[in-house]
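Trainee: Here you go, final.cif (mmCIF, C-alpha atoms):
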data_target
#
loop_
_atom_site.label_atom_id
_atom_site.label_comp_id
_atom_site.auth_asym_id
_atom_site.auth_seq_id
_atom_site.Cartn_x
_atom_site.Cartn_y
_atom_site.Cartn_z
CA MET A 1 -32.74 -44.78 -54.68
CA TYR A 2 -34.18 -46.62 -57.61
CA PHE A 3 -36.40 -49.60 -58.26
CA ALA A 4 -36.27 -51.73 -61.39
CA ALA A 5 -38.33 -54.76 -62.31
CA LEU A 6 -38.90 -56.96 -65.31
CA LEU A 7 -42.45 -57.96 -66.22
CA ALA A 8 -42.48 -60.83 -68.70
CA ARG A 9 -45.73 -61.81 -70.37
CA THR A 10 -46.35 -65.54 -70.51
CA GLU A 11 -49.33 -67.64 -71.51
CA ASP A 12 -50.23 -67.79 -67.81
CA GLY A 13 -50.08 -64.02 -67.29
CA TRP A 14 -47.28 -61.75 -66.13
CA GLU A 15 -44.19 -62.87 -64.24
CA ALA A 16 -42.14 -60.31 -62.35
CA SER A 17 -38.55 -60.25 -61.23
CA ASP A 18 -36.56 -57.46 -59.68
CA THR A 19 -33.35 -56.63 -61.39
CA GLU A 20 -30.13 -54.89 -60.56
CA LEU A 21 -28.96 -52.43 -63.17
CA ASP A 22 -25.44 -52.07 -61.78
CA ASP A 23 -23.95 -54.20 -64.58
CA VAL A 24 -26.10 -52.65 -67.32
CA GLU A 25 -24.23 -49.96 -69.22
CA THR A 26 -26.17 -49.61 -72.48
CA LEU A 27 -29.66 -50.00 -73.86
CA SER A 28 -28.43 -53.14 -75.66
CA ASP A 29 -27.38 -54.64 -72.32
CA LEU A 30 -30.82 -53.83 -70.90
CA ALA A 31 -32.58 -55.34 -73.92
CA ASP A 32 -30.49 -58.49 -73.61
CA LEU A 33 -31.39 -58.74 -69.92
CA ALA A 34 -35.07 -58.41 -70.83
CA ARG A 35 -34.84 -61.04 -73.55
CA GLU A 36 -33.31 -63.48 -71.09
CA ALA A 37 -36.44 -63.14 -68.94
CA SER A 38 -38.67 -64.35 -71.78
CA ALA A 39 -38.72 -67.97 -72.83
CA ASP A 40 -40.74 -67.53 -76.04
CA ASP A 41 -39.88 -64.04 -77.33
CA ASP A 42 -42.93 -62.70 -75.52
CA THR A 43 -43.27 -59.09 -74.45
CA VAL A 44 -41.01 -58.00 -71.60
CA LEU A 45 -41.34 -54.66 -69.86
CA VAL A 46 -38.50 -53.12 -67.91
CA LEU A 47 -39.95 -50.71 -65.37
CA ILE A 48 -37.57 -48.25 -63.73
CA GLU A 49 -38.41 -45.70 -61.05
CA GLN A 50 -35.88 -43.20 -59.68
CA GLU A 51 -36.61 -41.58 -56.30
CA ASP A 52 -40.13 -40.59 -57.31
CA ALA A 53 -38.56 -38.10 -59.74
CA TRP A 54 -39.09 -40.00 -62.99
CA PHE A 55 -40.01 -43.39 -64.34
CA GLY A 56 -39.14 -45.23 -67.49
CA VAL A 57 -40.61 -48.12 -69.44
CA VAL A 58 -38.63 -50.17 -71.91
CA ARG A 59 -40.56 -52.66 -74.00
CA VAL A 60 -38.82 -55.55 -75.68
CA ASP A 61 -40.81 -57.75 -78.07
CA GLY A 62 -38.62 -60.64 -79.21
CA GLU A 63 -35.75 -59.44 -81.36
CA ASP A 64 -37.41 -56.11 -82.22
CA ASP A 65 -35.63 -52.93 -81.20
CA PRO A 66 -36.58 -51.84 -77.70
CA ARG A 67 -39.21 -49.13 -77.37
CA ILE A 68 -38.64 -46.51 -74.66
CA TYR A 69 -40.73 -44.05 -72.68
CA VAL A 70 -39.29 -41.70 -70.03
CA SER A 71 -41.62 -39.54 -67.93
CA ASP A 72 -39.16 -36.68 -67.26
CA ALA A 73 -36.22 -36.46 -69.62
CA ALA A 74 -34.28 -33.82 -67.68
CA ALA A 75 -34.52 -35.74 -64.40
CA ALA A 76 -33.56 -38.98 -66.15
CA ALA A 77 -30.56 -37.27 -67.77
CA ARG A 78 -29.13 -36.70 -64.30
CA SER A 79 -29.40 -40.38 -63.41
CA SER A 80 -26.97 -43.08 -64.45
CA TYR A 81 -29.95 -45.35 -65.05
CA GLY A 82 -31.75 -42.70 -67.06
CA GLU A 83 -28.71 -42.18 -69.23
CA ILE A 84 -29.10 -45.79 -70.37
CA LEU A 85 -32.56 -44.96 -71.75
CA LEU A 86 -31.78 -41.55 -73.24
CA THR A 87 -30.19 -42.73 -76.45
CA ASP A 88 -28.95 -40.39 -79.17
CA GLU A 89 -31.91 -41.41 -81.32
CA LEU A 90 -34.40 -40.69 -78.54
CA LEU A 91 -32.80 -37.29 -77.92
CA GLY A 92 -32.77 -36.50 -81.64
CA ARG A 93 -29.03 -36.02 -81.95
CA GLU A 94 -26.31 -37.57 -84.07
CA PRO A 95 -24.63 -40.66 -82.56
CA GLY A 96 -21.54 -39.67 -80.60
CA ASP A 97 -22.63 -36.02 -80.29
CA ASP A 98 -22.82 -35.84 -76.53
CA GLY A 99 -23.09 -32.07 -76.45
CA PRO A 100 -22.14 -30.33 -73.23
CA ASP A 101 -21.81 -32.23 -69.96
CA LEU A 102 -25.34 -32.46 -68.52
CA ASP A 103 -24.00 -31.99 -64.99
CA SER A 104 -22.58 -28.60 -65.96
CA LEU A 105 -25.89 -27.21 -67.22
CA ASP A 106 -27.40 -24.42 -65.19
CA LEU A 107 -31.09 -25.28 -65.43
CA ASP A 108 -32.90 -22.20 -64.21
CA GLY A 109 -36.51 -22.94 -65.10
CA THR A 110 -36.17 -21.89 -68.73
CA GLU A 111 -35.57 -25.44 -69.92
CA ASP A 112 -38.80 -25.43 -71.89
CA GLY A 113 -37.23 -23.41 -74.64
CA GLU A 114 -37.84 -19.84 -73.54
CA PRO A 115 -34.60 -17.88 -73.23
CA ALA A 116 -33.83 -16.29 -69.87
CA SER A 117 -32.82 -13.08 -71.64
CA ALA A 118 -32.25 -11.70 -75.10
CA GLU A 119 -28.57 -12.63 -74.79
CA ASP A 120 -29.59 -16.29 -74.43
CA ASP A 121 -31.63 -16.15 -77.64
CA GLU A 122 -28.99 -18.08 -79.57
CA GLU A 123 -29.65 -21.65 -80.69
CA PRO A 124 -29.19 -24.05 -77.73
CA SER A 125 -27.29 -27.31 -78.09
CA SER A 126 -29.27 -30.56 -78.09
CA ALA A 127 -28.32 -31.37 -74.47
CA GLU A 128 -29.58 -27.99 -73.31
CA THR A 129 -32.98 -28.66 -74.87
CA ILE A 130 -33.69 -31.64 -72.60
CA THR A 131 -36.82 -30.58 -70.77
CA HIS A 132 -38.80 -31.80 -67.80
CA SER A 133 -41.29 -33.46 -70.11
CA PRO A 134 -41.97 -36.99 -71.34
CA LEU A 135 -39.79 -38.37 -74.07
CA GLY A 136 -40.10 -41.45 -76.23
CA ASP A 137 -42.89 -43.71 -77.42
CA GLY A 138 -46.04 -42.61 -75.60
CA GLU A 139 -47.97 -45.44 -77.26
CA ILE A 140 -45.63 -48.08 -75.81
CA LEU A 141 -48.42 -49.65 -73.70
CA ASP A 142 -51.49 -48.85 -75.84
CA ASP A 143 -52.16 -52.47 -76.79
CA LEU A 144 -51.75 -53.49 -73.13
CA GLY A 145 -54.41 -51.12 -71.81
CA VAL A 146 -52.50 -47.93 -70.96
CA SER A 147 -53.06 -45.15 -73.48
CA ALA A 148 -50.49 -42.48 -74.29
CA LYS A 149 -52.66 -39.90 -72.53
CA GLU A 150 -52.89 -42.03 -69.38
CA LEU A 151 -49.15 -42.67 -69.43
CA ARG A 152 -48.36 -38.95 -69.66
CA THR A 153 -50.60 -38.15 -66.69
CA LEU A 154 -49.08 -40.71 -64.33
CA ASP A 155 -47.28 -39.34 -61.30
CA ALA A 156 -43.74 -40.73 -60.92
CA GLU A 157 -44.49 -41.67 -57.32
CA ASP A 158 -47.06 -44.35 -58.17
CA ALA A 159 -46.68 -44.83 -61.93
CA LEU A 160 -45.29 -48.35 -61.83
CA SER A 161 -48.11 -49.53 -59.59
CA ALA A 162 -50.69 -47.91 -61.87
CA ILE A 163 -49.13 -49.53 -64.94
CA ALA A 164 -49.00 -52.94 -63.26
CA ASP A 165 -52.62 -52.53 -62.16
CA ALA A 166 -53.72 -51.78 -65.73
CA LEU A 167 -51.82 -54.86 -66.94
CA GLY A 168 -53.33 -57.07 -64.25
CA ALA A 169 -49.87 -57.58 -62.78
CA SER A 170 -50.13 -55.65 -59.49
CA GLU A 171 -49.68 -58.67 -57.26
CA VAL A 172 -46.64 -60.00 -59.10
CA LEU A 173 -44.98 -56.57 -59.14
CA GLU A 174 -45.58 -56.10 -55.41
CA THR A 175 -43.89 -59.43 -54.68
CA VAL A 176 -40.60 -58.08 -56.05
CA ARG A 177 -40.96 -54.57 -54.70
#
Rewrite the coordinates I just gave you, this time as structure tokens.
Mentor:
Amino acid sequence: MYFAALLARTEDGWEASDTELDDVETLSDLADLAREASADDDTVLVLIEQEDAWFGVVRVDGEDDPRIYVSDAAAAARSSYGEILLTDELLGREPGDDGPDLDSLDLDGTEDGEPASAEDDEEPSSAETITHSPLGDGEILDDLGVSAKELRTLDAEDALSAIADALGASEVLETVR
């Protein structure tokens, strides 16, 4: 189960709308959807929460490239919605280099880079290095009142509410939840 909402900043404050991501296949599609929610190229935030396992924030400011933050990269990698956010650039790999199928990885608790044994000491592929840690632009909400440190400490279960509260948009977010 997931929840996704758009928060568009206007001169009167924040406006929220829930959004279906079923027709969104790429980050470009998501950025276009966000831009459509803004009349004057104002800031639009796409907030995504997946089963209290991870959350993501995509920030679109006018025609600028979207900025992305994902709270748990490994959990997001297993989600079709998370895969939209985990671009090659964000993962630090060459475009088109998908690496091994993420579903086939045997994540045994050593995802943080420590080999399970000496035999596993060889260089892992980029997909195998996806860890259960935040990924992306931690400063994505700094100018809106949520520091990188605060963002990293948010629990996936109530992160979107905490972000909306810091933005002064709690009530509008709750209307679409």
Trainee: At what distance in Å, to one decimal, does atom CA of Ala77 of chain A lie from atom CA of Thr131 of chain A?
Mentor: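 Taking atom CA of Thr131 of chain A and atom CA of Ala77 of chain A, their separation equals 9.6 Å.
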Trainee: Please write as a ChimeraX atom specification the list of polymer residues whose atoms come within 10 Å of (-44.8, -58.0, -81.7), counting all atoms listed in the file and keeping to the coordinates of the file.
Mentor: /A:41-43,60-64
Trainee: Once you have the residues from the selection above, write them out as a PDB file, in the frame of the given file, restricted to C-alpha atoms.
Mentor:
ATOM      1  CA  ASP A  41     -39.880 -64.040 -77.330  1.00  0.00           C
ATOM      2  CA  ASP A  42     -42.930 -62.700 -75.520  1.00  0.00           C
ATOM      3  CA  THR A  43     -43.270 -59.090 -74.450  1.00  0.00           C
ATOM      4  CA  VAL A  60     -38.820 -55.550 -75.680  1.00  0.00           C
ATOM      5  CA  ASP A  61     -40.810 -57.750 -78.070  1.00  0.00           C
ATOM      6  CA  GLY A  62     -38.620 -60.640 -79.210  1.00  0.00           C
ATOM      7  CA  GLU A  63     -35.750 -59.440 -81.360  1.00  0.00           C
ATOM      8  CA  ASP A  64     -37.410 -56.110 -82.220  1.00  0.00           C
TER       9      ASP A  64
END
Trainee: For Ile84 of chain A, which of A:Asp137, A:Glu171, A:Asp23, A:Glu150 is the closest residue, counting all atoms listed in the file?
Mentor: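 Smallest distance to Ile84 of chain A is found for A:Asp23.
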Trainee: What do you get, as JSON, numbers by chain, if you spell out every residue that the PyMOL selection byres ((chain A and resi 5) around 8) selects here?
Mentor: {"A": [3, 4, 6, 7, 16, 17, 18, 19, 46, 47, 48, 173, 176]}
Trainee: Using the chain letters and numbers from the file, which residues does the PyMOL selection byres ((chain A and resi 25-30) around 9) grab, as a list of chain:residue names?
Mentor: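 Taken on the displayed file, the PyMOL selection byres ((chain A and resi 25-30) around 9) yields the residues A:Leu21, A:Asp22, A:Asp23, A:Val24, A:Ala31, A:Asp32, A:Leu33, A:Ala34, A:Arg35, A:Val46, A:Val58, A:Pro66, A:Ser80, A:Tyr81, A:Glu83, A:Ile84, A:Leu85, A:Leu86, A:Thr87.
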Trainee: Report, in Å to a single decimal, how far apart atom CA of Glu11 of chain A and atom CA of Ser71 of chain A are.
Mentor: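 Calculated distance between atom CA of Ser71 of chain A and atom CA of Glu11 of chain A is 29.4 Å.
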Trainee: Missing atoms in segment 155-177 of chain A should be modelled up to N, CA, C and O atoms and reported as a compact mmCIF listing (two decimals), keeping the file's coordinate frame.
Mentor:
# COMPACT_ATOMS: atom_id res chain seq x y z
N ASP A 155 -48.22 -39.96 -62.22
CA ASP A 155 -47.28 -39.34 -61.30
C ASP A 155 -46.14 -40.33 -61.06
O ASP A 155 -46.38 -41.52 -60.84
N ALA A 156 -44.91 -39.85 -61.08
CA ALA A 156 -43.74 -40.73 -60.92
C ALA A 156 -43.79 -41.54 -59.63
O ALA A 156 -43.26 -42.64 -59.56
N GLU A 157 -44.45 -41.01 -58.63
CA GLU A 157 -44.49 -41.67 -57.32
C GLU A 157 -45.22 -43.01 -57.36
O GLU A 157 -44.85 -43.95 -56.68
N ASP A 158 -46.30 -43.10 -58.14
CA ASP A 158 -47.06 -44.35 -58.17
C ASP A 158 -47.30 -44.88 -59.58
O ASP A 158 -48.18 -45.70 -59.81
N ALA A 159 -46.48 -44.44 -60.54
CA ALA A 159 -46.68 -44.83 -61.93
C ALA A 159 -46.53 -46.33 -62.16
O ALA A 159 -47.35 -46.93 -62.84
N LEU A 160 -45.51 -46.93 -61.58
CA LEU A 160 -45.29 -48.35 -61.83
C LEU A 160 -46.43 -49.20 -61.29
O LEU A 160 -46.85 -50.16 -61.92
N SER A 161 -46.95 -48.81 -60.14
CA SER A 161 -48.11 -49.53 -59.59
C SER A 161 -49.33 -49.37 -60.48
O SER A 161 -50.07 -50.32 -60.71
N ALA A 162 -49.54 -48.16 -60.99
CA ALA A 162 -50.69 -47.91 -61.87
C ALA A 162 -50.56 -48.70 -63.18
O ALA A 162 -51.54 -49.25 -63.68
N ILE A 163 -49.35 -48.76 -63.72
CA ILE A 163 -49.13 -49.53 -64.94
C ILE A 163 -49.38 -51.01 -64.68
O ILE A 163 -50.09 -51.68 -65.43
N ALA A 164 -48.81 -51.52 -63.60
CA ALA A 164 -49.00 -52.94 -63.26
C ALA A 164 -50.47 -53.25 -63.03
O ALA A 164 -50.96 -54.31 -63.45
N ASP A 165 -51.19 -52.34 -62.40
CA ASP A 165 -52.62 -52.53 -62.16
C ASP A 165 -53.37 -52.64 -63.49
O ASP A 165 -54.21 -53.52 -63.66
N ALA A 166 -53.06 -51.75 -64.43
CA ALA A 166 -53.72 -51.78 -65.73
C ALA A 166 -53.40 -53.07 -66.50
O ALA A 166 -54.23 -53.55 -67.27
N LEU A 167 -52.21 -53.62 -66.26
CA LEU A 167 -51.82 -54.86 -66.94
C LEU A 167 -52.36 -56.10 -66.25
O LEU A 167 -52.25 -57.21 -66.78
N GLY A 168 -52.90 -55.92 -65.04
CA GLY A 168 -53.33 -57.07 -64.25
C GLY A 168 -52.15 -57.76 -63.59
O GLY A 168 -52.18 -58.97 -63.35
N ALA A 169 -51.09 -57.00 -63.32
CA ALA A 169 -49.87 -57.58 -62.78
C ALA A 169 -49.48 -56.94 -61.45
O ALA A 169 -48.31 -57.02 -61.03
N SER A 170 -50.44 -56.34 -60.77
CA SER A 170 -50.13 -55.65 -59.49
C SER A 170 -49.52 -56.58 -58.46
O SER A 170 -48.53 -56.25 -57.82
N GLU A 171 -50.14 -57.74 -58.30
CA GLU A 171 -49.68 -58.67 -57.26
C GLU A 171 -48.27 -59.16 -57.55
O GLU A 171 -47.44 -59.22 -56.63
N VAL A 172 -47.97 -59.49 -58.80
CA VAL A 172 -46.64 -60.00 -59.10
C VAL A 172 -45.57 -58.91 -58.98
O VAL A 172 -44.45 -59.17 -58.53
N LEU A 173 -45.93 -57.67 -59.31
CA LEU A 173 -44.98 -56.57 -59.14
C LEU A 173 -44.71 -56.32 -57.64
O LEU A 173 -43.56 -56.12 -57.26
N GLU A 174 -45.75 -56.34 -56.85
CA GLU A 174 -45.58 -56.10 -55.41
C GLU A 174 -44.73 -57.17 -54.75
O GLU A 174 -44.06 -56.89 -53.75
N THR A 175 -44.71 -58.38 -55.29
CA THR A 175 -43.89 -59.43 -54.68
C THR A 175 -42.40 -59.15 -54.84
O THR A 175 -41.61 -59.62 -54.03
N VAL A 176 -42.02 -58.40 -55.86
CA VAL A 176 -40.60 -58.08 -56.05
C VAL A 176 -40.23 -56.69 -55.54
O VAL A 176 -39.07 -56.34 -55.48
N ARG A 177 -41.22 -55.92 -55.20
CA ARG A 177 -40.96 -54.57 -54.70
C ARG A 177 -40.49 -54.70 -53.30
O ARG A 177 -39.84 -54.38 -52.56
